[in-house]
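Visitor: Got a structure here, written out as structure tokens. Questions coming.
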Amino acid sequence: MPSPAPSQLPLLDQYGRVGTDLRVSLTDRCNLRCSYCMPAEGLDWLPTPGVLTDDEVVRLITIAVERLGVEQIRFTGGEPLIRRGFAGIVTRTAALKPRPRIAVTTNGLGLDKVAPALAAAGLDRVNVSLDTIRPDTFAVITRRDRLGDVVKGLEAAAAAGLNPVKVNAVLLRGHNEDQAPELLQWCLQRGYELRFIEQMPLDAQHGWSREAMVTADEILASLKLVFDLTQHPDERGSAPAELFLVDGGPATVGVIGSVTRPFCGDCDRVRLTADGQIRNCLFAREESDLRTALRRGADDEEIADRWRAAMWNKRPGHGIDDPSFLQPARPMSAIGG
């Protein structure tokens, strides 16, 4: 049954939040096998005919920007760099008016080869996932011996002007929970902005547990053994990370406490999966299908109305603390971060 979502408005929900940050998953495939994301053997990938074409991706982004007020596009995966045509999608996105800010979240593999072309296409900045700077720990977590390639990717991104280069790190108990200070020191020396992210219940194996998760409080306590951290004076707004000045600044470190310090009340994000489904929350169990309407010839305004309806029904919070919480059926690799 259609929702009573207002028409001719941006992506508004019933709680007054407005979606201005669109996360676009370009593929569910990945060339790493991080233990907190997917099993060693990988997953059953989305069938190719079900994945949006480049033209379909750009059309939906155009509707989001021109009709729904989206201001930032972040390309995700899976691993977005393995999507053929990625640079072309960036070029066409950068040509939109008003021009959105354009970013990508990547594992960094191959970034050294494409960073200059992506910068020329209009990409503004990158977030690179890197949980450790120890080769042995990296190989255990990702099941691939590719740390050197990620480091080269970070260096290439900085050289191409994709600044600020941000690093996303997840701490895993029994693997790297004691490595937060050394990772921060490594990033500070290179001018990268580090963000620690609490492990979330989005693994394909459904093996997440709150007891095993390294919390935001634990991360901060570990960092404070080495660094002087003070709350950043700027308002956080809808940003997911709590920012702290390191040793008085100007360098910062962020902590994204999605589980223990949720920021749902200020969330401005909406997600488009690689197969054309709208998810109004990372932890939603419901999706709204835009691909079918797109492929049967719906005009832009019908698609925009469907998108508004999907956003209108966004829940007030992710509900992880609720005893009835169920992990989404899709893992992170199939949702987009």
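Following the order of the structure tokens, first chain is A, next is B, and so on, with residues numbered from 1 inside each chain and ligands from 1 in the order they appear.
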Using the chain letters and numbers from this document, which residues of range 81-214 of chain A does DSSP assign to helix (DSSP H, G or I), as a ChimeraX atom specification?
Guide: /A:81-82,86-94,111-121,135-142,147-159,180-190
Visitor: Using the selection just defined, write its residues with C-alpha atoms as a compact mmCIF listing (two decimals), in the first residue's frame.
Guide:
```txt
# COMPACT_ATOMS: atom_id res chain seq x y z
CA LEU A 81 36.99 -0.24 -8.22
CA ILE A 82 36.34 -3.59 -9.89
CA PHE A 86 33.42 3.30 -12.88
CA ALA A 87 35.41 6.29 -14.19
CA GLY A 88 32.67 6.99 -16.73
CA ILE A 89 30.00 6.92 -14.02
CA VAL A 90 32.06 9.42 -12.02
CA THR A 91 32.45 11.69 -15.06
CA ARG A 92 28.72 11.74 -15.71
CA THR A 93 27.93 12.29 -12.03
CA ALA A 94 30.34 15.23 -11.86
CA LEU A 111 43.80 2.40 -6.56
CA ASP A 112 47.40 3.23 -7.45
CA LYS A 113 46.59 2.52 -11.11
CA VAL A 114 43.35 4.48 -11.35
CA ALA A 115 43.64 7.36 -8.86
CA PRO A 116 44.81 9.96 -11.43
CA ALA A 117 42.04 9.02 -13.88
CA LEU A 118 39.39 9.11 -11.14
CA ALA A 119 40.57 12.52 -9.99
CA ALA A 120 40.42 13.78 -13.58
CA ALA A 121 36.91 12.32 -13.90
CA PRO A 135 51.43 -7.57 7.01
CA ASP A 136 50.77 -10.75 8.99
CA THR A 137 47.65 -9.36 10.66
CA PHE A 138 46.41 -7.96 7.34
CA ALA A 139 46.78 -11.37 5.70
CA VAL A 140 44.82 -13.04 8.51
CA ILE A 141 41.95 -10.52 8.51
CA THR A 142 41.58 -10.17 4.73
CA LEU A 147 48.97 -4.81 2.37
CA GLY A 148 51.64 -3.33 0.09
CA ASP A 149 49.07 -2.74 -2.64
CA VAL A 150 46.77 -0.88 -0.26
CA VAL A 151 49.64 1.33 0.89
CA LYS A 152 50.47 2.16 -2.73
CA GLY A 153 46.84 3.00 -3.35
CA LEU A 154 46.76 5.43 -0.45
CA GLU A 155 49.93 7.12 -1.66
CA ALA A 156 48.53 7.43 -5.18
CA ALA A 157 45.26 8.92 -3.92
CA ALA A 158 47.12 11.61 -1.99
CA ALA A 159 49.38 12.35 -4.96
CA ALA A 180 44.90 1.39 17.41
CA PRO A 181 47.74 3.70 18.55
CA GLU A 182 50.22 2.44 15.97
CA LEU A 183 47.68 2.74 13.17
CA LEU A 184 46.88 6.30 14.21
CA GLN A 185 50.58 7.21 14.40
CA TRP A 186 51.11 5.76 10.91
CA CYS A 187 48.23 7.82 9.51
CA LEU A 188 49.35 11.01 11.25
CA GLN A 189 52.82 10.69 9.72
CA ARG A 190 51.29 10.52 6.23
```
Visitor: Select from range 177-230 of chain A every residue with an atom at most 9 Å from any atom of range 238-243 of chain A, then for each give the shortest pair of atoms and their distance in Å to one decimal, using only C-alpha atoms, rows by chain and rising number, as CSV.
Guide:
```
residue,atom,partner,partner_atom,distance
A:Arg195,CA,A:Ala241,CA,7.2
A:Phe196,CA,A:Ala241,CA,8.4
A:Ile197,CA,A:Ala241,CA,8.4
A:Thr230,CA,A:Leu243,CA,8.6
```
Visitor: Store the residues picked out above in a file with C-alpha atoms, as a PDB file, in the first residue's frame.
Guide:
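This went into part-v2.pdb:
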```
ATOM      1  CA  ARG A 195      38.282   6.755  11.482  1.00  0.00           C
ATOM      2  CA  PHE A 196      37.708   3.726  13.695  1.00  0.00           C
ATOM      3  CA  ILE A 197      34.377   1.951  13.139  1.00  0.00           C
ATOM      4  CA  THR A 230      40.045  16.354  23.192  1.00  0.00           C
TER       5      THR A 230
END
```
Visitor: Using DSSP on the backbone coordinates, identify the residues of range 224-263 of chain A assigned to strand (DSSP E or B); present them as a list of chain:residue names.
Guide: A:Leu229, A:Thr230, A:Gln231, A:Glu242, A:Leu243, A:Phe244, A:Leu245, A:Val246, A:Thr252, A:Val253, A:Gly254, A:Val255, A:Ile256
Visitor: Now that the selection is made, can you save its residues with N, CA and C atoms as a CSV table (one decimal), in the first residue's frame?
Guide:
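The result, written out as selection.csv:
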```
chain,number,residue,atom,x,y,z
A,229,LEU,N,43.7,13.3,23.7
A,229,LEU,CA,42.5,13.5,22.8
A,229,LEU,C,41.5,14.4,23.5
A,230,THR,N,41.1,15.4,22.7
A,230,THR,CA,40.0,16.4,23.2
A,230,THR,C,38.9,16.4,22.2
A,231,GLN,N,37.7,16.6,22.6
A,231,GLN,CA,36.6,16.7,21.7
A,231,GLN,C,36.7,17.8,20.7
A,242,GLU,N,32.4,10.7,15.6
A,242,GLU,CA,32.8,11.7,16.7
A,242,GLU,C,34.3,12.0,16.5
A,243,LEU,N,34.6,13.3,16.3
A,243,LEU,CA,35.9,13.7,16.1
A,243,LEU,C,36.7,14.2,17.3
A,244,PHE,N,37.9,13.9,17.4
A,244,PHE,CA,38.8,14.3,18.5
A,244,PHE,C,40.1,14.9,18.0
A,245,LEU,N,40.5,16.0,18.6
A,245,LEU,CA,41.8,16.6,18.3
A,245,LEU,C,42.9,15.7,18.9
A,246,VAL,N,43.9,15.5,18.1
A,246,VAL,CA,45.0,14.6,18.6
A,246,VAL,C,46.1,15.6,19.1
A,252,THR,N,43.2,15.1,13.6
A,252,THR,CA,42.1,14.5,14.2
A,252,THR,C,42.0,13.0,14.1
A,253,VAL,N,41.2,12.4,14.9
A,253,VAL,CA,40.9,11.0,14.8
A,253,VAL,C,39.4,10.9,15.0
A,254,GLY,N,38.7,10.0,14.3
A,254,GLY,CA,37.3,9.8,14.5
A,254,GLY,C,36.9,8.4,15.0
A,255,VAL,N,35.8,8.4,15.7
A,255,VAL,CA,35.3,7.1,16.2
A,255,VAL,C,33.8,7.0,15.8
A,256,ILE,N,33.5,6.0,15.0
A,256,ILE,CA,32.1,5.8,14.6
A,256,ILE,C,31.5,4.7,15.4
```
Visitor: Out of A:Leu60, A:Ile73, A:Leu123, A:Val259, which residue has the shortest atom-to-atom distance to Glu301 in chain A when counting only C-alpha atoms?
Guide: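 Nearest to Glu301 in chain A: A:Leu60.
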Visitor: Using only C-alpha atoms, which of the listed residues (A:Leu171, A:Leu26, A:Cys267, A:Ala64) sits closest to Ser129 in chain A?
Guide: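 Among A:Leu171, A:Leu26, A:Cys267, A:Ala64, it is A:Leu171 that comes nearest to Ser129 in chain A.
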Visitor: Within 9 Å of Gly42 in chain A, counting only C-alpha atoms, which residues qualify if same-chain residues fewer than 5 places away don't, as a PyMOL selection string?
Guide: chain A and resi 29-30+32-33
Visitor: Counting only C-alpha atoms, which of A:Asn31, A:Leu162, A:Gln199, A:Thr215 gets nearest to Arg144 in chain A?
Guide: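 Nearest candidate to Arg144 in chain A out of A:Asn31, A:Leu162, A:Gln199, A:Thr215: A:Asn31.
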Visitor: Restricting the calculation to only C-alpha atoms: of A:Gly265, A:Gly110, A:Gly16, A:Gly50, which residue gets closest to Pro80 in chain A?
Guide: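 Of all the options, A:Gly110 lies closest to Pro80 in chain A.
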Visitor: Between A:Glu211, A:Arg146, A:Asp28, A:Pro100, which is the closest to Leu46 in chain A once you count only C-alpha atoms?
Guide: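 Of all the options, A:Asp28 lies closest to Leu46 in chain A.
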Visitor: From the options A:Gly69, A:Pro233, A:Pro49, A:Pro164, which residue's atoms come nearest to Ala103 in chain A, counting only C-alpha atoms?
Guide: A:Pro164
Visitor: Need to verify the contact set: Val70 in chain A, 7 Å, only C-alpha atoms, exclusion of same-chain residues closer than 3 positions in sequence. Can you return it as a PyMOL selection string?
Guide: chain A and resi 19-22+64-65
Visitor: How many Å separate CA of Gly191 in chain A from CA of Pro250 in chain A?
Guide: 10.9 Å
